[in-house]
Amino acid sequence: MVEGCGRTTEKDFARFLDHALGSAHEIEYCALPAFDLKFLDESVYTDLNKKVNEVKAMLIAFIKALRVS
């Protein structure tokens, strides 16, 4: 996402935020099998999932705000 900050338009910046959102989805989906295979404790998985969802919500709100303006 840091790369996107130097872009000249909000549309370009939003594209990099889309990439960051995709990465957040990847973390979410990689954590699930890690939990299922007992690589993560339930408390760690729950905390990670909560934080990823918070980041996703912030990214989605930011992307929407950029695309509306």
# chains A, B, ... in the order shown; residues from 1 in each chain; ligands from 1
>>> residues_around(residues="stretch 23-36 of chain A", least_positions_apart="2", cutoff="7 Å", atoms="only C-alpha atoms", output="ChimeraX atom specification")
/A:19-21,38-41,45,49,52,56
>>> select_by_dssp(residues="chain A", states="alpha helix (DSSP H)", output="number ranges by chain")
A: 2-5, 10-36, 42-68
>>> residues_around(residues="A:Ile63", least_positions_apart="3", cutoff="6 Å", atoms="only C-alpha atoms", output="list of chain:residue names")
A:Ala14, A:Ile60, A:Leu66
>>> write_last_selection(atoms="N, CA and C atoms", output="PDB file, in the first residue's frame")
ATOM      1  N   ALA A  14      -6.575   3.855  -5.036  1.00  0.00           N
ATOM      2  CA  ALA A  14      -7.611   2.867  -4.714  1.00  0.00           C
ATOM      3  C   ALA A  14      -7.233   1.490  -5.253  1.00  0.00           C
ATOM      4  N   ILE A  60     -12.029  -1.342   3.071  1.00  0.00           N
ATOM      5  CA  ILE A  60     -13.249  -1.207   2.271  1.00  0.00           C
ATOM      6  C   ILE A  60     -13.827   0.206   2.407  1.00  0.00           C
ATOM      7  N   LEU A  66     -12.715   6.889  -1.497  1.00  0.00           N
ATOM      8  CA  LEU A  66     -11.940   7.365  -2.633  1.00  0.00           C
ATOM      9  C   LEU A  66     -12.738   7.308  -3.924  1.00  0.00           C
TER      10      LEU A  66
END
>>> closest_residue(among="A:Gly22, A:Arg15, A:Leu37, A:Arg67", to="A:Val55", atoms="only C-alpha atoms")
A:Gly22
>>> closest_residue(among="A:Glu54, A:Ser69, A:Ser43, A:Lys64", to="A:Leu17", atoms="only C-alpha atoms")
A:Lys64
>>> atom_distance(atom1="atom CA of A:Lys51", atom2="atom CA of A:Ala65")
21.2 Å
>>> atom_distance(atom1="atom CA of A:Phe13", atom2="atom CA of A:Ala57")
17.1 Å
>>> closest_residue(among="A:Asn53, A:Phe62, A:Glu42, A:Asp47", to="A:Phe16", atoms="only C-alpha atoms")
A:Phe62
